[in-house]
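Engineer: So here's structure_24.cif, just mmCIF, C-alpha atoms and all ligand atoms:
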```
data_run
#
loop_
_atom_site.group_PDB
_atom_site.id
_atom_site.type_symbol
_atom_site.label_atom_id
_atom_site.label_comp_id
_atom_site.auth_asym_id
_atom_site.auth_seq_id
_atom_site.Cartn_x
_atom_site.Cartn_y
_atom_site.Cartn_z
ATOM 1 C CA MET N 28 65.847 20.905 3.877
ATOM 2 C CA ASN N 29 65.071 23.028 0.947
ATOM 3 C CA ILE N 30 61.677 22.568 -0.715
ATOM 4 C CA HIS N 31 61.179 24.229 -3.995
ATOM 5 C CA ALA N 32 58.503 26.958 -4.020
ATOM 6 C CA TYR N 33 56.450 25.182 -6.734
ATOM 7 C CA GLU N 34 56.611 21.946 -4.814
ATOM 8 C CA LYS N 35 55.242 23.753 -1.744
ATOM 9 C CA LEU N 36 52.471 25.178 -3.840
ATOM 10 C CA TRP N 37 51.485 21.726 -5.130
ATOM 11 C CA LEU N 38 51.601 20.293 -1.604
ATOM 12 C CA VAL N 39 49.276 22.992 -0.317
ATOM 13 C CA ALA N 40 46.954 22.618 -3.333
ATOM 14 C CA ALA N 41 46.803 18.829 -2.808
ATOM 15 C CA MET N 42 46.003 19.320 0.887
ATOM 16 C CA LEU N 43 43.250 21.788 0.038
ATOM 17 C CA LEU N 44 41.766 19.324 -2.457
ATOM 18 C CA ILE N 45 41.692 16.560 0.170
ATOM 19 C CA VAL N 46 40.007 18.895 2.684
ATOM 20 C CA GLY N 47 37.568 19.922 -0.055
ATOM 21 C CA PHE N 48 36.693 16.309 -0.875
ATOM 22 C CA ILE N 49 36.075 15.446 2.777
ATOM 23 C CA ALA N 50 33.958 18.599 3.183
ATOM 24 C CA THR N 51 31.718 17.777 0.196
ATOM 25 C CA ILE N 52 31.244 14.181 1.336
ATOM 26 C CA THR N 53 30.399 15.360 4.856
ATOM 27 C CA TYR N 54 28.003 17.977 3.514
ATOM 28 C CA GLY N 55 26.296 15.461 1.233
ATOM 29 C CA SER N 56 25.871 12.829 3.905
ATOM 30 C CA VAL N 57 25.065 14.938 6.973
ATOM 31 C CA ALA N 58 23.858 18.424 6.042
ATOM 32 C CA LEU N 59 21.418 17.315 3.317
ATOM 33 C CA GLY N 60 19.786 14.766 5.586
ATOM 34 C CA ILE N 61 20.397 11.985 3.106
ATOM 35 C CA THR N 62 20.190 8.553 4.679
ATOM 36 C CA MET N 63 21.010 5.147 3.370
ATOM 37 C CA VAL N 64 18.317 2.658 2.593
ATOM 38 C CA GLY N 65 17.952 0.367 5.606
ATOM 39 C CA ASP N 66 18.722 -3.321 5.194
ATOM 40 C CA GLN N 67 18.202 -4.364 8.812
ATOM 41 C CA GLN N 68 14.837 -5.986 8.168
ATOM 42 C CA ASP N 69 14.426 -9.750 8.269
ATOM 43 C CA THR N 70 14.782 -11.359 4.896
ATOM 44 C CA VAL N 71 11.734 -12.824 3.234
ATOM 45 C CA GLU N 72 11.169 -15.747 0.880
ATOM 46 C CA PRO N 73 10.004 -14.118 -2.417
ATOM 47 C CA THR N 74 7.774 -17.064 -3.325
ATOM 48 C CA GLU N 75 6.094 -17.038 0.083
ATOM 49 C CA LEU N 76 5.031 -13.407 0.387
ATOM 50 C CA ALA N 77 1.427 -14.581 0.753
ATOM 51 C CA ASP N 78 2.401 -16.155 4.096
ATOM 52 C CA ASP N 79 4.418 -13.198 5.355
ATOM 53 C CA ASP N 80 2.668 -10.897 7.853
ATOM 54 C CA ARG N 81 4.362 -7.871 6.361
ATOM 55 C CA PHE N 82 3.626 -8.521 2.710
ATOM 56 C CA ASP N 83 0.605 -10.829 2.490
ATOM 57 C CA ASP N 84 -1.540 -7.749 2.050
ATOM 58 C CA PRO N 85 0.394 -4.759 0.606
ATOM 59 C CA ARG N 86 -0.979 -1.720 2.439
ATOM 60 C CA VAL N 87 -0.542 1.459 4.426
ATOM 61 C CA GLU N 88 -1.174 1.431 8.168
ATOM 62 C CA GLN N 89 -0.963 4.015 10.894
ATOM 63 C CA VAL N 90 1.589 3.376 13.643
ATOM 64 C CA GLY N 91 1.786 6.765 15.411
ATOM 65 C CA GLU N 92 0.092 10.151 15.441
ATOM 66 C CA ASN N 93 1.655 11.216 12.158
ATOM 67 C CA GLU N 94 3.489 8.003 11.461
ATOM 68 C CA TYR N 95 2.591 5.422 8.893
ATOM 69 C CA GLU N 96 4.061 2.255 7.453
ATOM 70 C CA ALA N 97 3.685 1.273 3.824
ATOM 71 C CA TYR N 98 4.274 -2.343 2.824
ATOM 72 C CA VAL N 99 4.980 -2.415 -0.896
ATOM 73 C CA VAL N 100 5.531 -5.350 -3.226
ATOM 74 C CA ALA N 101 7.238 -4.837 -6.583
ATOM 75 C CA GLN N 102 6.750 -7.453 -9.262
ATOM 76 C CA THR N 103 6.856 -7.667 -13.065
ATOM 77 C CA PHE N 104 5.503 -5.085 -13.949
ATOM 78 C CA SER N 105 3.677 -3.278 -11.189
ATOM 79 C CA PHE N 106 3.760 -2.014 -7.640
ATOM 80 C CA GLN N 107 1.231 -2.975 -4.985
ATOM 81 C CA PRO N 108 -0.624 -1.191 -3.560
ATOM 82 C CA ASN N 109 -1.236 1.343 -6.290
ATOM 83 C CA PRO N 110 -1.756 4.161 -5.691
ATOM 84 C CA ILE N 111 -0.128 4.300 -2.285
ATOM 85 C CA GLU N 112 -2.181 6.862 -0.362
ATOM 86 C CA VAL N 113 -0.690 8.714 2.605
ATOM 87 C CA PRO N 114 -1.773 11.870 4.425
ATOM 88 C CA GLU N 115 -0.072 15.278 4.391
ATOM 89 C CA ASP N 116 2.317 16.131 7.260
ATOM 90 C CA SER N 117 3.300 12.541 7.832
ATOM 91 C CA ASP N 118 6.367 10.370 8.208
ATOM 92 C CA VAL N 119 5.987 7.268 6.130
ATOM 93 C CA THR N 120 8.312 4.305 6.416
ATOM 94 C CA PHE N 121 8.308 2.253 3.244
ATOM 95 C CA TYR N 122 9.148 -1.439 3.390
ATOM 96 C CA VAL N 123 9.664 -2.676 -0.133
ATOM 97 C CA THR N 124 10.377 -6.148 -1.413
ATOM 98 C CA SER N 125 10.160 -7.990 -4.724
ATOM 99 C CA ARG N 126 8.132 -11.028 -5.658
ATOM 100 C CA ASP N 127 10.385 -12.005 -8.542
ATOM 101 C CA VAL N 128 13.403 -10.180 -9.972
ATOM 102 C CA ILE N 129 15.369 -7.053 -9.098
ATOM 103 C CA HIS N 130 13.371 -3.846 -9.459
ATOM 104 C CA SER N 131 13.688 -0.389 -7.995
ATOM 105 C CA PHE N 132 11.311 1.897 -6.159
ATOM 106 C CA SER N 133 11.981 5.498 -7.096
ATOM 107 C CA LEU N 134 9.807 8.511 -6.367
ATOM 108 C CA VAL N 135 10.145 10.753 -9.397
ATOM 109 C CA GLY N 136 11.568 14.198 -8.629
ATOM 110 C CA THR N 137 12.816 13.232 -5.157
ATOM 111 C CA ASN N 138 15.877 11.483 -3.753
ATOM 112 C CA VAL N 139 13.734 8.588 -2.544
ATOM 113 C CA ASN N 140 15.202 5.683 -4.429
ATOM 114 C CA THR N 141 16.056 2.113 -3.595
ATOM 115 C CA MET N 142 16.858 -1.115 -5.334
ATOM 116 C CA VAL N 143 14.283 -3.789 -4.601
ATOM 117 C CA ILE N 144 15.910 -7.187 -4.323
ATOM 118 C CA PRO N 145 13.971 -10.436 -4.000
ATOM 119 C CA GLY N 146 14.493 -11.818 -0.506
ATOM 120 C CA GLU N 147 15.520 -8.443 0.923
ATOM 121 C CA VAL N 148 13.401 -5.727 2.483
ATOM 122 C CA ALA N 149 14.412 -2.141 1.744
ATOM 123 C CA GLU N 150 13.410 0.361 4.429
ATOM 124 C CA MET N 151 13.157 4.125 3.932
ATOM 125 C CA THR N 152 11.415 6.808 5.962
ATOM 126 C CA VAL N 153 10.085 9.749 3.997
ATOM 127 C CA GLU N 154 8.622 12.988 5.318
ATOM 128 C CA PHE N 155 5.658 14.282 3.312
ATOM 129 C CA ASP N 156 4.465 17.858 3.874
ATOM 130 C CA ASP N 157 1.857 19.103 1.428
ATOM 131 C CA PRO N 158 -0.607 17.188 -0.712
ATOM 132 C CA ALA N 159 1.090 16.057 -3.929
ATOM 133 C CA GLU N 160 1.215 13.238 -6.408
ATOM 134 C CA TYR N 161 4.429 11.426 -7.159
ATOM 135 C CA GLY N 162 5.116 8.923 -9.863
ATOM 136 C CA VAL N 163 6.897 5.724 -8.871
ATOM 137 C CA VAL N 164 9.193 4.177 -11.449
ATOM 138 C CA CYS N 165 11.414 1.143 -11.709
ATOM 139 C CA ASN N 166 15.024 1.977 -12.558
ATOM 140 C CA GLU N 167 16.341 -1.549 -12.901
ATOM 141 C CA TYR N 168 15.780 -3.390 -16.160
ATOM 142 C CA CYS N 169 13.464 -6.223 -15.181
ATOM 143 C CA GLY N 170 12.022 -7.549 -18.446
ATOM 144 C CA PRO N 171 10.037 -6.570 -21.527
ATOM 145 C CA GLY N 172 7.503 -4.540 -19.508
ATOM 146 C CA HIS N 173 10.132 -2.617 -17.533
ATOM 147 C CA HIS N 174 9.326 0.704 -19.219
ATOM 148 C CA ASP N 175 5.652 0.296 -18.248
ATOM 149 C CA MET N 176 6.384 -0.488 -14.623
ATOM 150 C CA GLU N 177 5.056 2.464 -12.710
ATOM 151 C CA GLY N 178 2.968 3.373 -9.724
ATOM 152 C CA GLU N 179 1.837 6.419 -7.813
ATOM 153 C CA VAL N 180 2.107 7.859 -4.344
ATOM 154 C CA HIS N 181 -0.723 10.233 -3.477
ATOM 155 C CA VAL N 182 -0.189 12.567 -0.558
ATOM 156 C CA VAL N 183 -3.725 13.685 0.271
ATOM 157 C CA SER N 184 -5.197 16.216 2.670
ATOM 158 C CA GLU N 185 -6.193 15.177 6.179
ATOM 159 C CA ASP N 186 -9.898 15.337 5.216
ATOM 160 C CA GLU N 187 -9.536 13.134 2.186
ATOM 161 C CA PHE N 188 -7.397 10.535 3.882
ATOM 162 C CA ASP N 189 -8.817 7.407 5.382
ATOM 163 C CA LEU N 190 -7.585 3.919 5.996
ATOM 164 C CA THR N 191 -10.790 1.969 5.834
ATOM 165 C CA GLU N 192 -10.872 -1.132 3.681
ATOM 166 C CA LEU N 193 -14.098 -2.766 2.597
ATOM 167 C CA GLU N 194 -14.725 -6.163 1.086
ATOM 168 C CA ALA N 195 -18.128 -7.761 0.597
ATOM 169 C CA ASP N 196 -18.949 -11.231 -0.582
ATOM 170 C CA GLY N 197 -22.281 -12.828 -1.440
ATOM 171 C CA PRO N 198 -23.559 -15.985 -3.150
ATOM 172 C CA ASP N 199 -23.859 -16.136 -6.953
ATOM 173 C CA GLU N 200 -27.249 -17.834 -6.821
ATOM 174 C CA VAL N 201 -29.797 -19.025 -4.314
ATOM 175 C CA GLU N 202 -33.060 -20.920 -4.517
ATOM 176 C CA THR N 203 -36.270 -18.923 -3.974
ATOM 177 C CA GLY N 204 -37.083 -18.920 -0.285
ATOM 178 C CA ASP N 205 -33.491 -19.367 0.844
ATOM 179 C CA GLU N 206 -31.664 -16.622 2.631
ATOM 180 C CA ILE N 207 -29.078 -14.468 0.912
ATOM 181 C CA SER N 208 -26.117 -13.765 3.166
ATOM 182 C CA VAL N 209 -23.712 -10.997 2.285
ATOM 183 C CA ASP N 210 -20.535 -11.041 4.365
ATOM 184 C CA VAL N 211 -18.893 -7.677 4.863
ATOM 185 C CA THR N 212 -15.328 -7.261 6.069
ATOM 186 C CA THR N 213 -14.425 -3.744 7.172
ATOM 187 C CA GLU N 214 -10.886 -3.024 8.272
ATOM 188 C CA ASN N 215 -9.785 0.095 10.143
ATOM 189 C CA ARG N 216 -6.056 0.632 9.609
ATOM 190 C CA GLN N 217 -6.005 3.837 11.604
ATOM 191 C CA LEU N 218 -5.112 3.933 15.292
ATOM 192 C CA GLU N 219 -8.304 5.699 16.305
ATOM 193 C CA ALA N 220 -11.634 3.948 16.445
ATOM 194 C CA ILE N 221 -14.118 4.887 13.727
ATOM 195 C CA GLU N 222 -17.879 5.117 14.019
ATOM 196 C CA THR N 223 -19.691 4.527 10.799
ATOM 197 C CA THR N 224 -22.639 2.873 9.140
ATOM 198 C CA ILE N 225 -22.535 -0.145 6.877
ATOM 199 C CA THR N 226 -25.297 -0.186 4.288
ATOM 200 C CA LEU N 227 -26.472 -2.994 2.030
ATOM 201 C CA GLU N 228 -28.781 -2.139 -0.843
ATOM 202 C CA ILE N 229 -30.394 -4.989 -2.743
ATOM 203 C CA GLY N 230 -33.546 -4.695 -4.831
ATOM 204 C CA ASP N 231 -35.780 -2.285 -2.927
ATOM 205 C CA GLU N 232 -34.299 -3.303 0.397
ATOM 206 C CA THR N 233 -31.856 -1.178 2.366
ATOM 207 C CA LEU N 234 -30.262 -2.664 5.445
ATOM 208 C CA THR N 235 -27.993 -0.663 7.716
ATOM 209 C CA GLU N 236 -25.863 -1.336 10.725
ATOM 210 C CA ASP N 237 -24.148 1.277 12.890
ATOM 211 C CA VAL N 238 -20.735 0.063 13.924
ATOM 212 C CA THR N 239 -17.678 1.102 15.876
ATOM 213 C CA ILE N 240 -14.406 -0.365 14.699
ATOM 214 C CA GLU N 241 -11.439 -0.078 17.031
ATOM 215 C CA GLY N 242 -8.086 1.046 15.668
ATOM 216 C CA GLY N 243 -6.272 -1.691 13.779
ATOM 217 C CA GLU N 244 -9.277 -3.987 13.986
ATOM 218 C CA THR N 245 -11.299 -5.827 11.356
ATOM 219 C CA LEU N 246 -15.035 -6.178 11.693
ATOM 220 C CA GLU N 247 -17.070 -8.966 10.120
ATOM 221 C CA THR N 248 -20.738 -8.220 9.500
ATOM 222 C CA THR N 249 -23.322 -10.382 7.802
ATOM 223 C CA PHE N 250 -26.512 -9.079 6.229
ATOM 224 C CA THR N 251 -29.277 -11.561 5.577
ATOM 225 C CA VAL N 252 -32.089 -11.034 3.087
ATOM 226 C CA ASP N 253 -34.965 -13.379 2.337
ATOM 227 C CA SER N 254 -34.749 -14.179 -1.373
ATOM 228 C CA ALA N 255 -38.548 -14.590 -1.551
ATOM 229 C CA THR N 256 -39.035 -10.855 -1.007
ATOM 230 C CA LEU N 257 -36.785 -10.132 -3.982
ATOM 231 C CA GLY N 258 -38.379 -12.576 -6.363
ATOM 232 C CA GLU N 259 -36.841 -14.543 -9.173
ATOM 233 C CA GLY N 260 -34.183 -13.037 -11.361
ATOM 234 C CA ASP N 261 -30.855 -11.225 -11.062
ATOM 235 C CA HIS N 262 -30.440 -8.756 -8.228
ATOM 236 C CA ASP N 263 -27.538 -6.336 -7.944
ATOM 237 C CA TRP N 264 -26.365 -5.470 -4.463
ATOM 238 C CA THR N 265 -24.082 -2.760 -3.156
ATOM 239 C CA VAL N 266 -22.408 -2.422 0.215
ATOM 240 C CA THR N 267 -21.334 1.074 1.258
ATOM 241 C CA VAL N 268 -19.108 2.265 4.106
ATOM 242 C CA ASP N 269 -18.268 5.977 3.960
ATOM 243 C CA ASP N 270 -16.815 6.483 0.473
ATOM 244 C CA HIS N 271 -16.136 2.811 -0.114
ATOM 245 C CA THR N 272 -18.365 0.445 -2.001
ATOM 246 C CA ASP N 273 -18.328 -3.160 -3.062
ATOM 247 C CA SER N 274 -20.985 -4.860 -5.118
ATOM 248 C CA GLY N 275 -22.160 -8.091 -6.670
ATOM 249 C CA THR N 276 -25.109 -9.839 -8.253
ATOM 250 C CA VAL N 277 -27.160 -12.726 -6.970
ATOM 251 C CA THR N 278 -29.494 -14.834 -9.041
ATOM 252 C CA VAL N 279 -32.672 -16.070 -7.385
ATOM 253 C CA ALA N 280 -34.134 -19.074 -9.195
ATOM 254 C CA ASP N 281 -36.887 -21.548 -8.486
ATOM 255 C CA ASP N 282 -35.156 -24.713 -9.496
ATOM 256 C CA LEU N 283 -31.423 -24.523 -9.503
ATOM 257 C CA GLU N 284 -29.942 -27.208 -11.657
ATOM 258 C CA ASP N 285 -27.834 -29.306 -9.424
ATOM 259 C CA ASP N 286 -24.646 -29.848 -11.340
ATOM 260 C CA GLY N 287 -22.839 -30.832 -8.181
ATOM 261 C CA GLY N 288 -20.248 -28.090 -8.489
ATOM 262 C CA ASP N 289 -22.254 -25.189 -7.157
ATOM 263 C CA ASP N 290 -22.219 -24.228 -3.542
ATOM 264 C CA ASP N 291 -25.347 -22.220 -2.975
ATOM 265 C CA GLU N 292 -24.672 -21.167 0.569
HETATM 266 CU CU1 LIG M 1 10.774 -3.495 -12.597
HETATM 267 CU CU2 LIG M 1 12.163 -2.514 -14.188
#
```
Starting from the file, give its structure as structure tokens.
Ligand code: CUA

Structural biologist:
Amino acid sequence: MNIHAYEKLWLVAAMLLIVGFIATITYGSVALGITMVGDQQDTVEPTELADDDRFDDPRVEQVGENEYEAYVVAQTFSFQPNPIEVPEDSDVTFYVTSRDVIHSFSLVGTNVNTMVIPGEVAEMTVEFDDPAEYGVVCNEYCGPGHHDMEGEVHVVSEDEFDLTELEADGPDEVETGDEISVDVTTENRQLEAIETTITLEIGDETLTEDVTIEGGETLETTFTVDSATLGEGDHDWTVTVDDHTDSGTVTVADDLEDDGGDDDE
């Protein structure tokens, strides 16, 4: 069979193109280390995130020596938590879902990018090396505040990084002579136990408690102060654990009007 020289040339060129296409696709998917966003996670009811173990409390937790998990909720028009703080030299797996409509979670200047679909959980593992700050933007039009929907990922140095969460709660008012109880919840989201001191300052009083909190554990502490030693009036209080503080104000009064709605304890 006689094939015309030009026809041969075209055949060879077409073959080369096909090989070229396959080579670029292979290079893009294997050599660059690009992976698809995982969709193997269990689905979640967007209206019931508050009852979901993964998303009831958007957070970062440690799961291995240099491994962390970040549970992120996107909603009109913000990301939670914000900023998302992770340490340098870490592998962070992001689990992202939406509380309402379709958003995206895109780290500016990187190839970390996923659609965030209500009901679905997008999973991506990202390797962070040096301390840096990344913007997080939403690439899917999600409503009038879409252009304002942004967050931040802070990659911080080992020294700066900690996963302690503090929350303190006290009464708004108490009657003179009653005790003032301030409940302190300290959570350690690292794997290693931490030894620290919880401090309550109120009026001229300073109360401290040395504590050890095991990895992944939450510690409840209650400080009690006699309101008589503080005297009548408004008293600001502050609870401190390492670099974290929480504060409030309690009013000590002689005769609290009893309007039936107040719970003084
Ligand atoms: Cu969220 Cu656009």

Engineer: Smallest atom-to-atom distance to ligand LIG 1 (chain M): which of N:Asp273, N:Asp196, N:Glu167, N:Glu96, using all atoms listed in the file?

Structural biologist: N:Glu167

Engineer: State, in Å with one decimal place, the distance from CA of Tyr161 in chain N to CA of Glu194 in chain N.

Structural biologist: 27.3 Å

Engineer: Identify, counting all atoms listed in the file, the protein, DNA and RNA residues located within 7 Å of ligand LIG 1 (chain M), and give them as a ChimeraX atom specification.

Structural biologist: /N:102-104,129-131,165-170,173-174,176

Engineer: For Gly91 in chain N, which residue out of N:Glu219, N:Glu192, N:Asp237, N:Asp199 is the nearest one, using all atoms listed in the file?

Structural biologist: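 Residue with the minimum atom-to-atom distance to Gly91 in chain N: N:Glu219.
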
Engineer: Go ahead and compute the interatomic distance for CA of Thr224 in chain N and CA of Asp269 in chain N, in Å to one decimal.

Structural biologist: 7.5 Å

Engineer: Just say which residues the PyMOL selection byres (((chain N and resi 202-214) around 9) and not hetatm) picks in this file, as an NGL selection string.

Structural biologist: :N and (190-198 or 200-201 or 215-216 or 225 or 227 or 240 or 242-259 or 266 or 268 or 277-283 or 291-292)

Engineer: Hey, which of N:Val183, N:Thr276, N:Asp189, N:Thr152 ends up closest to Glu228 in chain N? Count only C-alpha atoms.

Structural biologist: N:Thr276

Engineer: Hey, what's within 12 Å of Gly136 in chain N if we count all atoms listed in the file and toss same-chain stuff fewer than 6 positions away? As number ranges by chain, please?

Structural biologist: N: 159-164

Engineer: I want to know what sits within 7 Å of range 110-123 of chain N, based on all atoms listed in the file, with residues of the same chain fewer than 4 positions away left out; could you give that as a ChimeraX atom specification?

Structural biologist: /N:93-100,143,148-158,178-185,188

Engineer: N:Thr137, N:Asp79, N:Glu222, N:Glu177: which is nearest Pro108 in chain N, counting all atoms listed in the file?

Structural biologist: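 Residue with the minimum atom-to-atom distance to Pro108 in chain N: N:Glu177.
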
Engineer: Could you tell me which of N:Ala101, N:Thr141, N:Leu218, N:Leu36 comes closest to Val128 in chain N if we count all atoms listed in the file?

Structural biologist: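 Distance minimum relative to Val128 in chain N lands on N:Ala101.
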
Engineer: Kindly indicate which residue among N:Val57, N:Val238, N:Ala50, N:Ile144 lies nearest to Pro73 in chain N, using only C-alpha atoms for the distances.

Structural biologist: N:Ile144

Engineer: Give me the box for range 198-207 of chain N as lines of an AutoDock Vina configuration file, namely the centre and edge lengths in Å to one decimal of a box along x, y and z that holds every listed atom plus 4 Å on each side.

Structural biologist:
```
center_x = -30.3
center_y = -17.7
center_z = -2.2
size_x = 21.5
size_y = 14.5
size_z = 17.6
```

Engineer: At what distance in Å, to one decimal, does CA of Gln89 in chain N lie from CA of Ser274 in chain N?

Structural biologist: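 Result for CA of Ser274 in chain N versus CA of Gln89 in chain N: 27.1 Å, one decimal.
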